[in-house]
file final-v2.txt (compact mmCIF, C-alpha atoms)
# COMPACT_ATOMS: atom_id res chain seq x y z
CA MET R 210 -35.22 22.81 5.63
CA ARG R 211 -32.52 22.93 3.02
CA ILE R 212 -32.34 19.83 0.82
CA LEU R 213 -29.23 18.96 -1.22
CA PHE R 214 -29.22 16.66 -4.25
CA PHE R 215 -26.12 14.98 -5.71
CA ALA R 216 -25.16 12.98 -8.79
CA HIS R 217 -28.16 11.52 -10.64
CA LEU R 218 -30.55 12.78 -7.97
CA LYS R 219 -29.93 16.27 -9.31
CA THR R 220 -31.34 15.14 -12.61
CA ALA R 221 -34.27 13.38 -10.96
CA ALA R 222 -35.12 16.43 -8.82
CA ASN R 223 -34.16 18.81 -11.61
CA CYS R 224 -32.29 20.94 -9.09
CA ALA R 225 -29.25 20.84 -6.82
CA GLU R 226 -30.87 22.42 -3.77
CA ALA R 227 -34.38 23.02 -2.54
CA GLU R 228 -36.13 24.48 0.51
CA ILE R 229 -39.01 22.64 2.09
CA ARG R 230 -41.07 23.76 5.07
CA ILE R 231 -41.26 21.42 8.08
CA ASP R 232 -43.30 21.92 11.26
CA GLY R 233 -41.77 20.48 14.41
CA ASP R 234 -39.48 17.52 13.98
CA ILE R 235 -40.15 14.56 11.76
CA ASP R 236 -38.68 11.15 11.11
CA ALA R 237 -37.19 9.77 7.90
CA GLY R 238 -40.48 8.33 6.69
CA GLN R 239 -42.25 11.65 7.07
CA LEU R 240 -39.35 13.41 5.35
CA TRP R 241 -39.71 11.06 2.39
CA GLN R 242 -43.43 11.92 2.21
CA HIS R 243 -42.55 15.61 1.95
CA LEU R 244 -39.86 14.93 -0.66
CA LEU R 245 -41.94 12.62 -2.84
CA ALA R 246 -44.86 15.06 -2.82
CA ARG R 247 -42.61 17.64 -4.38
CA PHE R 248 -40.16 15.43 -6.32
CA PRO R 249 -42.04 12.32 -7.41
CA GLU R 250 -39.14 11.27 -9.67
CA LEU R 251 -37.15 10.43 -6.54
CA ALA R 252 -39.35 7.44 -5.79
CA ARG R 253 -37.28 4.99 -7.80
CA TYR R 254 -34.13 5.95 -5.86
CA GLN R 255 -35.68 5.85 -2.42
CA ARG R 256 -34.36 2.42 -1.48
CA SER R 257 -30.76 3.25 -2.32
CA VAL R 258 -30.61 6.78 -0.90
CA ARG R 259 -29.34 7.63 2.58
CA PHE R 260 -30.10 10.88 4.37
CA ALA R 261 -27.34 12.97 5.86
CA ARG R 262 -28.42 15.52 8.47
CA ASN R 263 -26.05 18.47 8.85
CA GLY R 264 -23.20 16.51 7.32
CA THR R 265 -23.63 13.23 9.19
CA TYR R 266 -25.45 10.10 8.07
CA ALA R 267 -28.85 9.76 9.69
CA VAL R 268 -29.36 6.63 11.76
CA ALA R 269 -32.51 4.85 12.89
CA GLY R 270 -34.41 7.35 15.03
CA THR R 271 -32.80 10.50 13.64
CA ARG R 272 -35.28 13.41 13.70
CA PHE R 273 -35.22 16.23 11.18
CA SER R 274 -36.32 19.81 11.81
CA ASP R 275 -36.74 22.93 9.75
CA THR R 276 -33.29 24.35 10.47
CA ASP R 277 -31.45 21.21 9.30
CA GLU R 278 -29.52 20.80 6.08
CA VAL R 279 -30.46 17.40 4.70
CA ALA R 280 -28.52 15.79 1.87
CA LEU R 281 -29.79 12.87 -0.18
CA ILE R 282 -26.81 10.58 -0.62
CA PRO R 283 -27.08 8.07 -3.46
CA PRO R 284 -24.58 5.17 -3.56
CA VAL R 285 -21.11 6.70 -3.58
CA SER R 286 -18.38 6.01 -6.13
CA GLY R 287 -15.31 7.99 -5.16
CA GLY R 288 -11.70 6.93 -5.48
CA MET I 292 33.09 -26.19 -3.90
CA ARG I 293 32.82 -22.52 -3.16
CA ILE I 294 31.14 -21.71 0.16
CA LEU I 295 29.70 -18.24 0.92
CA PHE I 296 29.04 -16.93 4.41
CA PHE I 297 26.75 -13.99 5.24
CA ALA I 298 25.92 -11.82 8.22
CA HIS I 299 26.94 -13.36 11.58
CA LEU I 300 28.10 -16.55 9.86
CA LYS I 301 31.04 -14.56 8.51
CA THR I 302 32.11 -13.94 12.08
CA ALA I 303 31.53 -17.55 13.06
CA ALA I 304 33.51 -18.86 10.08
CA ASN I 305 35.99 -16.00 10.30
CA CYS I 306 35.77 -15.59 6.52
CA ALA I 307 33.33 -14.58 3.80
CA GLU I 308 34.19 -17.33 1.32
CA ALA I 309 35.93 -20.68 1.45
CA GLU I 310 36.76 -23.52 -0.90
CA ILE I 311 36.14 -27.08 0.17
CA ARG I 312 36.89 -30.21 -1.81
CA ILE I 313 34.02 -32.62 -2.50
CA ASP I 314 34.22 -35.98 -4.24
CA GLY I 315 31.13 -36.95 -6.24
CA ASP I 316 27.85 -35.48 -5.06
CA ILE I 317 26.71 -35.33 -1.49
CA ASP I 318 23.55 -34.50 0.41
CA ALA I 319 22.97 -31.71 2.92
CA GLY I 320 23.90 -33.87 5.91
CA GLN I 321 27.24 -34.77 4.35
CA LEU I 322 27.86 -31.15 3.44
CA TRP I 323 27.33 -30.15 7.07
CA GLN I 324 29.89 -32.77 8.11
CA HIS I 325 32.44 -31.17 5.78
CA LEU I 326 31.59 -27.69 7.00
CA LEU I 327 31.64 -28.48 10.71
CA ALA I 328 34.96 -30.28 10.39
CA ARG I 329 36.47 -27.08 9.11
CA PHE I 330 34.26 -24.46 10.83
CA PRO I 331 33.19 -25.93 14.19
CA GLU I 332 31.79 -22.54 15.29
CA LEU I 333 28.95 -23.00 12.77
CA ALA I 334 27.42 -25.79 14.85
CA ARG I 335 25.23 -23.47 16.92
CA TYR I 336 23.70 -21.97 13.78
CA GLN I 337 23.08 -25.26 11.97
CA ARG I 338 19.37 -25.45 12.82
CA SER I 339 18.56 -21.98 11.53
CA VAL I 340 20.71 -21.98 8.38
CA ARG I 341 19.42 -22.89 4.92
CA PHE I 342 21.67 -23.88 2.04
CA ALA I 343 21.37 -22.17 -1.33
CA ARG I 344 22.91 -24.05 -4.25
CA ASN I 345 23.89 -21.81 -7.17
CA GLY I 346 21.55 -19.10 -6.04
CA THR I 347 18.48 -21.20 -5.26
CA TYR I 348 17.35 -22.59 -1.92
CA ALA I 349 18.14 -26.27 -1.56
CA VAL I 350 15.16 -28.53 -0.98
CA ALA I 351 14.90 -32.02 0.48
CA GLY I 352 16.97 -34.26 -1.76
CA THR I 353 19.18 -31.53 -3.27
CA ARG I 354 22.67 -32.93 -4.07
CA PHE I 355 25.80 -30.81 -3.97
CA SER I 356 28.90 -31.31 -6.10
CA ASP I 357 32.35 -29.78 -6.31
CA THR I 358 31.49 -27.24 -8.99
CA ASP I 359 28.58 -25.75 -7.03
CA GLU I 360 28.51 -22.43 -5.24
CA VAL I 361 26.82 -23.03 -1.90
CA ALA I 362 25.69 -20.17 0.31
CA LEU I 363 24.81 -20.56 3.98
CA ILE I 364 21.72 -18.42 4.49
CA PRO I 365 20.95 -17.45 8.08
CA PRO I 366 17.49 -16.04 8.89
CA VAL I 367 17.01 -13.01 6.67
CA SER I 368 16.10 -9.51 7.85
CA GLY I 369 15.75 -7.28 4.81
CA GLY I 370 13.27 -4.51 4.25
CA MET Z 297 3.82 -8.10 -15.93
CA ILE Z 298 6.90 -5.89 -16.22
CA ILE Z 299 9.29 -6.32 -13.29
CA GLU Z 300 12.17 -4.03 -12.34
CA ILE Z 301 14.47 -5.16 -9.52
CA ALA Z 302 17.49 -3.28 -8.23
CA ILE Z 303 19.81 -3.54 -5.27
CA VAL Z 304 21.64 -0.26 -4.79
CA HIS Z 305 24.27 1.19 -2.49
CA ALA Z 306 23.26 4.84 -2.84
CA PRO Z 307 20.19 6.57 -1.38
CA ILE Z 308 16.99 5.41 -3.03
CA VAL Z 309 15.46 7.97 -5.35
CA ALA Z 310 11.73 7.25 -5.31
CA ASN Z 311 10.77 6.73 -8.91
CA GLU Z 312 7.02 6.80 -9.38
CA SER Z 313 7.13 6.70 -13.17
CA LEU Z 314 5.36 3.93 -15.02
CA PRO Z 315 6.15 2.43 -18.42
CA PRO Z 316 4.43 4.79 -20.90
CA ALA Z 317 2.68 1.85 -22.57
CA LEU Z 318 0.58 1.40 -19.43
CA ALA Z 319 -0.97 4.88 -19.47
CA GLY Z 320 -4.75 4.63 -19.36
CA THR Z 321 -4.64 0.95 -18.39
CA VAL Z 322 -3.35 1.36 -14.85
CA GLY Z 323 -6.04 2.33 -12.37
CA ALA Z 324 -4.14 1.74 -9.13
CA VAL Z 325 -0.58 2.37 -7.99
CA ALA Z 326 0.49 1.29 -4.51
CA THR Z 327 3.88 2.02 -3.04
CA PHE Z 328 5.68 1.09 0.13
CA ALA Z 329 8.83 2.56 1.60
CA GLY Z 330 10.55 1.04 4.61
CA SER Z 331 12.98 3.31 6.39
CA VAL Z 332 15.50 3.00 9.20
CA ARG Z 333 14.08 4.05 12.56
CA GLY Z 334 16.07 5.80 15.23
CA ASP Z 335 16.08 2.96 17.70
CA GLU Z 336 16.99 -0.70 17.55
CA ALA Z 337 15.91 -2.95 20.41
CA GLY Z 338 15.33 0.14 22.54
CA GLN Z 339 18.74 1.70 21.90
CA PRO Z 340 19.15 4.94 19.94
CA ILE Z 341 21.00 4.36 16.68
CA SER Z 342 22.32 6.46 13.83
CA ALA Z 343 22.32 3.88 11.01
CA LEU Z 344 21.91 0.23 10.07
CA ASP Z 345 24.27 -1.78 7.91
CA TYR Z 346 22.64 -4.09 5.37
CA GLU Z 347 24.25 -6.92 3.44
CA ALA Z 348 22.90 -9.01 0.56
CA TYR Z 349 23.75 -12.14 -1.35
CA GLN Z 350 23.10 -9.94 -4.30
CA PRO Z 351 22.49 -12.19 -7.33
CA MET Z 352 20.34 -14.56 -5.29
CA ALA Z 353 18.48 -11.69 -3.62
CA GLU Z 354 17.59 -10.19 -6.99
CA GLN Z 355 16.60 -13.54 -8.44
CA THR Z 356 14.54 -14.43 -5.37
CA MET Z 357 12.68 -11.10 -5.42
CA ARG Z 358 11.87 -11.62 -9.09
CA ALA Z 359 10.66 -15.18 -8.47
CA ILE Z 360 8.48 -14.02 -5.57
CA ILE Z 361 6.88 -11.30 -7.70
CA GLU Z 362 6.29 -13.71 -10.57
CA GLY Z 363 4.71 -16.22 -8.20
CA LEU Z 364 2.51 -13.62 -6.49
CA GLY Z 365 1.52 -12.26 -9.89
CA GLN Z 366 -0.46 -15.44 -10.49
CA ARG Z 367 -2.85 -14.41 -7.73
CA HIS Z 368 -2.43 -10.63 -7.65
CA ALA Z 369 -2.43 -9.66 -11.32
CA CYS Z 370 -0.25 -6.58 -11.61
CA LEU Z 371 0.90 -4.79 -14.74
CA PHE Z 372 4.16 -3.46 -13.34
CA VAL Z 373 6.23 -3.96 -10.21
CA ARG Z 374 9.38 -2.07 -9.25
CA ILE Z 375 11.54 -2.99 -6.24
CA ILE Z 376 14.60 -1.13 -5.05
CA HIS Z 377 16.48 -2.38 -1.97
CA ARG Z 378 19.41 -0.43 -0.63
CA ILE Z 379 22.32 -2.12 1.14
CA GLY Z 380 25.41 -0.85 2.93
CA THR Z 381 25.14 1.78 5.65
CA ILE Z 382 21.69 3.40 5.74
CA PRO Z 383 21.26 6.39 8.06
CA VAL Z 384 18.19 6.78 10.25
CA GLY Z 385 15.28 8.27 8.31
CA GLU Z 386 16.47 7.00 4.92
CA ASN Z 387 14.75 4.25 2.98
CA ALA Z 388 16.01 0.68 2.93
CA ILE Z 389 13.37 -0.44 0.46
CA HIS Z 390 10.93 1.08 -2.00
CA LEU Z 391 8.24 -0.91 -3.82
CA LEU Z 392 5.75 0.12 -6.44
CA ALA Z 393 2.96 -2.05 -7.83
CA ALA Z 394 0.62 -0.93 -10.60
CA ALA Z 395 -2.55 -2.77 -11.52
CA VAL Z 396 -5.94 -2.25 -13.10
CA HIS Z 397 -7.71 -2.36 -9.73
CA ARG Z 398 -6.57 -1.50 -6.25
CA ALA Z 399 -6.81 -4.90 -4.56
CA GLU Z 400 -4.14 -6.46 -6.77
CA ALA Z 401 -1.67 -3.63 -6.24
CA LEU Z 402 -2.22 -3.42 -2.47
CA ASP Z 403 -2.16 -7.19 -2.00
CA MET Z 404 1.02 -7.52 -4.07
CA ILE Z 405 2.82 -5.03 -1.82
CA ALA Z 406 1.68 -6.67 1.41
CA ALA Z 407 2.36 -10.21 0.22
CA PHE Z 408 5.76 -9.32 -1.19
CA MET Z 409 6.89 -7.74 2.06
CA ASP Z 410 5.89 -10.87 3.99
CA ARG Z 411 7.86 -13.06 1.59
CA LEU Z 412 10.84 -10.69 1.58
CA LYS Z 413 11.19 -11.13 5.31
CA GLN Z 414 11.12 -14.90 4.98
CA ASP Z 415 13.18 -15.67 1.92
CA VAL Z 416 15.21 -12.85 0.38
CA PRO Z 417 18.89 -13.12 1.39
CA ILE Z 418 19.36 -9.62 2.75
CA TRP Z 419 20.41 -8.95 6.34
CA LYS Z 420 20.62 -6.13 8.82
CA VAL Z 421 24.10 -7.01 9.99
CA ARG Z 422 24.79 -4.31 12.52
CA ALA Z 423 23.51 -1.09 14.00
CA LEU Z 424 25.63 1.98 14.62
CA ASP Z 425 25.01 3.99 17.77
CA LEU Z 426 24.93 7.78 17.91
CA HIS Z 427 28.74 7.86 18.01
CA GLY Z 428 29.07 5.56 15.01
CA GLN Z 429 30.10 2.60 17.20
CA ILE Z 430 28.84 -0.87 16.35
CA LEU Z 431 25.97 -2.29 18.37
CA PRO Z 432 25.17 -5.99 18.13
CA PRO Z 433 22.26 -6.67 15.78
CA SER Z 434 18.93 -7.35 17.43
CA SER Z 435 17.75 -9.96 14.96
CA MET X 79 -2.10 10.71 14.58
CA ILE X 80 -1.78 13.75 12.32
CA ILE X 81 -4.41 13.82 9.56
CA GLU X 82 -4.42 15.97 6.44
CA ILE X 83 -7.50 15.86 4.23
CA ALA X 84 -8.02 17.84 1.05
CA ILE X 85 -10.50 17.86 -1.80
CA VAL X 86 -9.02 19.67 -4.77
CA HIS X 87 -10.06 20.65 -8.27
CA ALA X 88 -6.58 20.83 -9.80
CA PRO X 89 -4.29 17.91 -10.68
CA ILE X 90 -2.99 16.15 -7.58
CA VAL X 91 0.65 16.84 -6.87
CA ALA X 92 1.90 13.76 -5.04
CA ASN X 93 3.35 15.03 -1.80
CA GLU X 94 5.43 12.38 -0.07
CA SER X 95 6.77 14.69 2.62
CA LEU X 96 6.18 13.84 6.25
CA PRO X 97 5.92 16.16 9.24
CA PRO X 98 9.56 16.76 10.27
CA ALA X 99 8.78 15.79 13.86
CA LEU X 100 8.25 12.19 12.72
CA ALA X 101 11.76 11.73 11.27
CA GLY X 102 13.38 8.66 12.80
CA THR X 103 10.07 7.41 14.25
CA VAL X 104 8.40 6.41 10.99
CA GLY X 105 9.52 3.05 9.67
CA ALA X 106 6.89 2.50 6.98
CA VAL X 107 5.19 4.74 4.45
CA ALA X 108 2.49 3.29 2.22
CA THR X 109 0.81 5.22 -0.57
CA PHE X 110 -2.01 4.56 -2.96
CA ALA X 111 -2.97 6.46 -6.08
CA GLY X 112 -6.16 5.72 -7.96
CA SER X 113 -6.27 7.02 -11.51
CA VAL X 114 -8.84 7.28 -14.29
CA ARG X 115 -8.60 4.39 -16.74
CA GLY X 116 -9.25 4.73 -20.43
CA ASP X 117 -12.42 2.71 -20.50
CA GLU X 118 -15.67 2.76 -18.57
CA ALA X 119 -18.01 -0.23 -18.88
CA GLY X 120 -16.13 -1.31 -22.00
CA GLN X 121 -16.34 2.06 -23.77
CA PRO X 122 -13.26 4.19 -24.43
CA ILE X 123 -13.37 7.44 -22.48
CA SER X 124 -11.28 10.57 -22.20
CA ALA X 125 -12.21 11.70 -18.69
CA LEU X 126 -14.49 11.20 -15.71
CA ASP X 127 -16.39 13.93 -13.87
CA TYR X 128 -16.42 13.68 -10.10
CA GLU X 129 -18.67 15.51 -7.67
CA ALA X 130 -18.53 15.73 -3.87
CA TYR X 131 -20.66 16.89 -0.98
CA GLN X 132 -17.50 18.58 0.06
CA PRO X 133 -17.78 19.42 3.76
CA MET X 134 -19.36 16.06 4.54
CA ALA X 135 -16.84 14.20 2.39
CA GLU X 136 -13.92 15.79 4.22
CA GLN X 137 -15.50 15.21 7.61
CA THR X 138 -16.37 11.59 6.74
CA MET X 139 -12.84 10.85 5.52
CA ARG X 140 -11.44 12.27 8.74
CA ALA X 141 -13.85 10.24 10.85
CA ILE X 142 -12.99 7.06 8.95
CA ILE X 143 -9.26 7.62 9.47
CA GLU X 144 -9.76 8.36 13.15
CA GLY X 145 -11.83 5.22 13.55
CA LEU X 146 -9.38 3.02 11.65
CA GLY X 147 -6.52 4.53 13.64
CA GLN X 148 -7.80 2.71 16.71
CA ARG X 149 -6.89 -0.59 15.06
CA HIS X 150 -4.17 0.46 12.59
CA ALA X 151 -2.01 2.81 14.64
CA CYS X 152 -0.57 5.30 12.18
CA LEU X 153 1.45 8.42 12.92
CA PHE X 154 0.35 10.40 9.88
CA VAL X 155 -2.26 10.08 7.15
CA ARG X 156 -2.70 12.37 4.15
CA ILE X 157 -5.63 12.08 1.74
CA ILE X 158 -6.15 14.14 -1.39
CA HIS X 159 -9.23 13.54 -3.54
CA ARG X 160 -9.66 15.43 -6.77
CA ILE X 161 -13.10 16.33 -8.13
CA GLY X 162 -14.31 17.95 -11.34
CA THR X 163 -13.17 16.66 -14.74
CA ILE X 164 -10.24 14.24 -14.42
CA PRO X 165 -8.59 13.14 -17.68
CA VAL X 166 -7.61 9.53 -18.28
CA GLY X 167 -4.27 8.70 -16.68
CA GLU X 168 -4.54 11.37 -13.99
CA ASN X 169 -5.10 10.62 -10.31
CA ALA X 170 -8.49 10.91 -8.65
CA ILE X 171 -7.11 10.08 -5.22
CA HIS X 172 -3.79 9.92 -3.44
CA LEU X 173 -3.31 8.49 0.05
CA LEU X 174 -0.28 8.30 2.26
CA ALA X 175 -0.07 6.51 5.60
CA ALA X 176 3.03 6.54 7.79
CA ALA X 177 3.50 4.23 10.75
CA VAL X 178 6.19 2.64 12.88
CA HIS X 179 5.69 -0.76 11.22
CA ARG X 180 4.45 -1.76 7.80
CA ALA X 181 1.27 -3.64 8.71
CA GLU X 182 -0.42 -0.57 10.18
CA ALA X 183 0.38 1.62 7.17
CA LEU X 184 -0.65 -0.98 4.58
CA ASP X 185 -3.80 -1.97 6.46
CA MET X 186 -4.81 1.67 6.90
CA ILE X 187 -4.63 2.25 3.14
CA ALA X 188 -6.59 -0.88 2.23
CA ALA X 189 -9.23 -0.37 4.93
CA PHE X 190 -9.67 3.30 4.10
CA MET X 191 -10.24 2.58 0.42
CA ASP X 192 -12.93 0.04 1.30
CA ARG X 193 -14.68 2.55 3.55
CA LEU X 194 -14.29 5.36 1.00
CA LYS X 195 -16.24 3.35 -1.51
CA GLN X 196 -19.03 2.72 0.98
CA ASP X 197 -19.48 5.97 2.84
CA VAL X 198 -17.69 9.04 1.47
CA PRO X 199 -20.10 11.27 -0.48
CA ILE X 200 -18.11 11.53 -3.70
CA TRP X 201 -19.49 10.40 -7.05
CA LYS X 202 -18.35 9.67 -10.56
CA VAL X 203 -21.21 11.52 -12.20
CA ARG X 204 -20.39 11.09 -15.86
CA ALA X 205 -17.83 9.86 -18.32
CA LEU X 206 -16.71 11.78 -21.38
CA ASP X 207 -16.05 9.86 -24.56
CA LEU X 208 -13.11 10.48 -26.88
CA HIS X 209 -14.96 13.41 -28.45
CA GLY X 210 -15.77 14.98 -25.08
CA GLN X 211 -19.41 13.89 -25.29
CA ILE X 212 -21.17 12.70 -22.15
CA LEU X 213 -21.66 8.98 -21.64
CA PRO X 214 -24.05 7.75 -18.99
CA PRO X 215 -22.25 6.71 -15.79
CA SER X 216 -21.77 2.98 -15.33
CA SER X 217 -22.25 2.95 -11.58
call {"tool": "encode", "arguments": {"input": "final-v2.txt", "output": "structure tokens"}}
result
Amino acid sequence: MRILFFAHLKTAANCAEAEIRIDGDIDAGQLWQHLLARFPELARYQRSVRFARNGTYAVAGTRFSDTDEVALIPPVSGG
Amino acid sequence: MRILFFAHLKTAANCAEAEIRIDGDIDAGQLWQHLLARFPELARYQRSVRFARNGTYAVAGTRFSDTDEVALIPPVSGG
Amino acid sequence: MIIEIAIVHAPIVANESLPPALAGTVGAVATFAGSVRGDEAGQPISALDYEAYQPMAEQTMRAIIEGLGQRHACLFVRIIHRIGTIPVGENAIHLLAAAVHRAEALDMIAAFMDRLKQDVPIWKVRALDLHGQILPPSS
Amino acid sequence: MIIEIAIVHAPIVANESLPPALAGTVGAVATFAGSVRGDEAGQPISALDYEAYQPMAEQTMRAIIEGLGQRHACLFVRIIHRIGTIPVGENAIHLLAAAVHRAEALDMIAAFMDRLKQDVPIWKVRALDLHGQILPPSS
């Protein structure tokens, strides 16, 4: 699974993209477990971050699998 | 007193401007009496027309005198 | 608040420039252009004729902007209204409002247009059909 | 509704042109430009750096416009968002909405900007001070 980091999450993760290995499909809570195991600095942003799966915001019940591109979207500030 | 007509009131009055002679100062009701005596075709527009005295909408209690410029303002449709 | 008001007879040239003193202070510029559409009350037209009580129209527009500026704090507002014969597709009005934040600029534009259509002595006096003949006004 | 969405790195060239097919149908064109102001959280700055998750940002802007179009029936909407380093006084975003009547165009602009600031993955990532040094972002 390809993970994308933006804005201050890049600094927290110390990278813009990462690959993580997922077996089967998992929910958002399980995805956070994977992410925090590898990027513990993300913990403080967890409450404010939304997942986007393949370019669309995840909703309750969204499942994530190894072929997905998942972006961590911190609060936006465009315009 | 100089009277100005706009839009369809020009057609009703058959002129764009007129002079009427006022003694002392009068209220809106008395001004209408003067106007309707000379321009009876205005009667059907009386309810929708506002007076402007010297470029400002008249309010309840506005008095009009012979040196004023009074415009008859039908419903506006700019923009 | 700097206010520029003009009533013109020629085609409106959209002027998006701001007073140079405002550079770096303005964060939001909203504009609105109202143009003549090709039908009036269901009939195809070629143009509308507008008329104004010009000094009062200018003064009323300024007073409206000053009043609205109490609630919608803008730095600069420009209004150009065209009168005379305006062909289909050309602008009858162009507004620009500049403010620090977007809400003030957008609200100024919307609120001004509502007030314009209530109180500013400008009228669509007649429509011209596709042969240039006068149609009765719809409003 | 015709929708044009672009995310650009170069200065935004305000493009007020409409699709020719809409001539005579459009009665109202509203625009909004948001520019970089010379201070950020009270500190003087020279520029802001913006970043986007570009494909998702474009797709999200399009989806927002399509959704809002159900309520605010517009004929044409153009959105240009600039990213990268944007100097003070230059535009970060430019919107244009064209409709038959003014309410739809004005409401589309205001509603889109609200949604942009909730859901479109674009970020002000840092401010540059007057010496070009990085200041921490305020938001």
call {"tool": "closest_residue", "arguments": {"input": "final-v2.txt", "among": "Z:Val416, Z:Val384, Z:Val373, Z:Leu426", "to": "Z:Glu354", "atoms": "all atoms listed in the file"}}
result
Z:Val416
call {"tool": "closest_residue", "arguments": {"input": "final-v2.txt", "among": "Z:Met352, Z:Leu344, Z:Asp403, Z:Leu371", "to": "Z:Pro316", "atoms": "all atoms listed in the file"}}
result
Z:Leu371
call {"tool": "residues_around", "arguments": {"input": "final-v2.txt", "residues": "X:Pro122", "least_positions_apart": "3", "cutoff": "12 Å", "atoms": "all atoms listed in the file", "output": "list in words"}}
result
Gly320 and Thr321 of chain Z; Val114, Arg115, Gly116, Asp117, Glu118, Ala119, Ala125, Leu126, Val166, Ala205, Leu206, Asp207, Leu208, His209, Gly210, Gln211, Ile212 and Leu213 of chain X
call {"tool": "calpha_fit_and_write", "arguments": {"input": "final-v2.txt", "fixed": "chain I", "moving": "chain R", "output": "mmCIF file with C-alpha atoms, in the coordinates of the input"}}
result
data_model
loop_
_atom_site.group_PDB
_atom_site.id
_atom_site.type_symbol
_atom_site.label_atom_id
_atom_site.label_comp_id
_atom_site.auth_asym_id
_atom_site.auth_seq_id
_atom_site.Cartn_x
_atom_site.Cartn_y
_atom_site.Cartn_z
ATOM 1 C CA MET R 210 33.059 -26.190 -3.901
ATOM 2 C CA ARG R 211 32.815 -22.515 -3.159
ATOM 3 C CA ILE R 212 31.138 -21.702 0.159
ATOM 4 C CA LEU R 213 29.702 -18.246 0.920
ATOM 5 C CA PHE R 214 29.050 -16.912 4.422
ATOM 6 C CA PHE R 215 26.764 -13.971 5.252
ATOM 7 C CA ALA R 216 25.898 -11.806 8.247
ATOM 8 C CA HIS R 217 26.938 -13.347 11.578
ATOM 9 C CA LEU R 218 28.086 -16.535 9.862
ATOM 10 C CA LYS R 219 31.021 -14.549 8.520
ATOM 11 C CA THR R 220 32.088 -13.925 12.074
ATOM 12 C CA ALA R 221 31.527 -17.545 13.068
ATOM 13 C CA ALA R 222 33.518 -18.855 10.081
ATOM 14 C CA ASN R 223 35.969 -15.971 10.291
ATOM 15 C CA CYS R 224 35.755 -15.571 6.526
ATOM 16 C CA ALA R 225 33.314 -14.564 3.799
ATOM 17 C CA GLU R 226 34.188 -17.312 1.328
ATOM 18 C CA ALA R 227 35.919 -20.656 1.455
ATOM 19 C CA GLU R 228 36.763 -23.530 -0.896
ATOM 20 C CA ILE R 229 36.141 -27.085 0.176
ATOM 21 C CA ARG R 230 36.898 -30.228 -1.805
ATOM 22 C CA ILE R 231 34.015 -32.634 -2.493
ATOM 23 C CA ASP R 232 34.201 -36.006 -4.259
ATOM 24 C CA GLY R 233 31.121 -36.970 -6.239
ATOM 25 C CA ASP R 234 27.840 -35.531 -5.075
ATOM 26 C CA ILE R 235 26.700 -35.341 -1.497
ATOM 27 C CA ASP R 236 23.554 -34.502 0.404
ATOM 28 C CA ALA R 237 22.962 -31.721 2.922
ATOM 29 C CA GLY R 238 23.917 -33.863 5.899
ATOM 30 C CA GLN R 239 27.243 -34.793 4.357
ATOM 31 C CA LEU R 240 27.845 -31.156 3.424
ATOM 32 C CA TRP R 241 27.311 -30.162 7.049
ATOM 33 C CA GLN R 242 29.885 -32.782 8.106
ATOM 34 C CA HIS R 243 32.438 -31.192 5.780
ATOM 35 C CA LEU R 244 31.574 -27.687 6.996
ATOM 36 C CA LEU R 245 31.621 -28.488 10.707
ATOM 37 C CA ALA R 246 34.962 -30.281 10.383
ATOM 38 C CA ARG R 247 36.465 -27.079 9.105
ATOM 39 C CA PHE R 248 34.267 -24.469 10.838
ATOM 40 C CA PRO R 249 33.175 -25.921 14.168
ATOM 41 C CA GLU R 250 31.785 -22.535 15.273
ATOM 42 C CA LEU R 251 28.955 -23.007 12.776
ATOM 43 C CA ALA R 252 27.415 -25.774 14.852
ATOM 44 C CA ARG R 253 25.242 -23.468 16.923
ATOM 45 C CA TYR R 254 23.703 -21.964 13.765
ATOM 46 C CA GLN R 255 23.079 -25.230 11.978
ATOM 47 C CA ARG R 256 19.387 -25.454 12.820
ATOM 48 C CA SER R 257 18.582 -21.981 11.539
ATOM 49 C CA VAL R 258 20.730 -21.987 8.394
ATOM 50 C CA ARG R 259 19.444 -22.884 4.932
ATOM 51 C CA PHE R 260 21.680 -23.876 2.041
ATOM 52 C CA ALA R 261 21.388 -22.181 -1.313
ATOM 53 C CA ARG R 262 22.922 -24.050 -4.251
ATOM 54 C CA ASN R 263 23.918 -21.827 -7.172
ATOM 55 C CA GLY R 264 21.562 -19.097 -6.031
ATOM 56 C CA THR R 265 18.496 -21.206 -5.263
ATOM 57 C CA TYR R 266 17.370 -22.598 -1.923
ATOM 58 C CA ALA R 267 18.163 -26.278 -1.562
ATOM 59 C CA VAL R 268 15.177 -28.537 -0.993
ATOM 60 C CA ALA R 269 14.907 -32.024 0.467
ATOM 61 C CA GLY R 270 16.985 -34.265 -1.791
ATOM 62 C CA THR R 271 19.185 -31.547 -3.279
ATOM 63 C CA ARG R 272 22.661 -32.925 -4.078
ATOM 64 C CA PHE R 273 25.797 -30.813 -3.971
ATOM 65 C CA SER R 274 28.901 -31.316 -6.101
ATOM 66 C CA ASP R 275 32.333 -29.791 -6.312
ATOM 67 C CA THR R 276 31.470 -27.238 -8.990
ATOM 68 C CA ASP R 277 28.552 -25.748 -7.021
ATOM 69 C CA GLU R 278 28.506 -22.420 -5.237
ATOM 70 C CA VAL R 279 26.834 -23.027 -1.893
ATOM 71 C CA ALA R 280 25.695 -20.166 0.317
ATOM 72 C CA LEU R 281 24.817 -20.536 3.982
ATOM 73 C CA ILE R 282 21.724 -18.417 4.492
ATOM 74 C CA PRO R 283 20.974 -17.456 8.092
ATOM 75 C CA PRO R 284 17.511 -16.037 8.905
ATOM 76 C CA VAL R 285 17.005 -13.008 6.680
ATOM 77 C CA SER R 286 16.091 -9.509 7.844
ATOM 78 C CA GLY R 287 15.758 -7.287 4.805
ATOM 79 C CA GLY R 288 13.271 -4.497 4.263
#
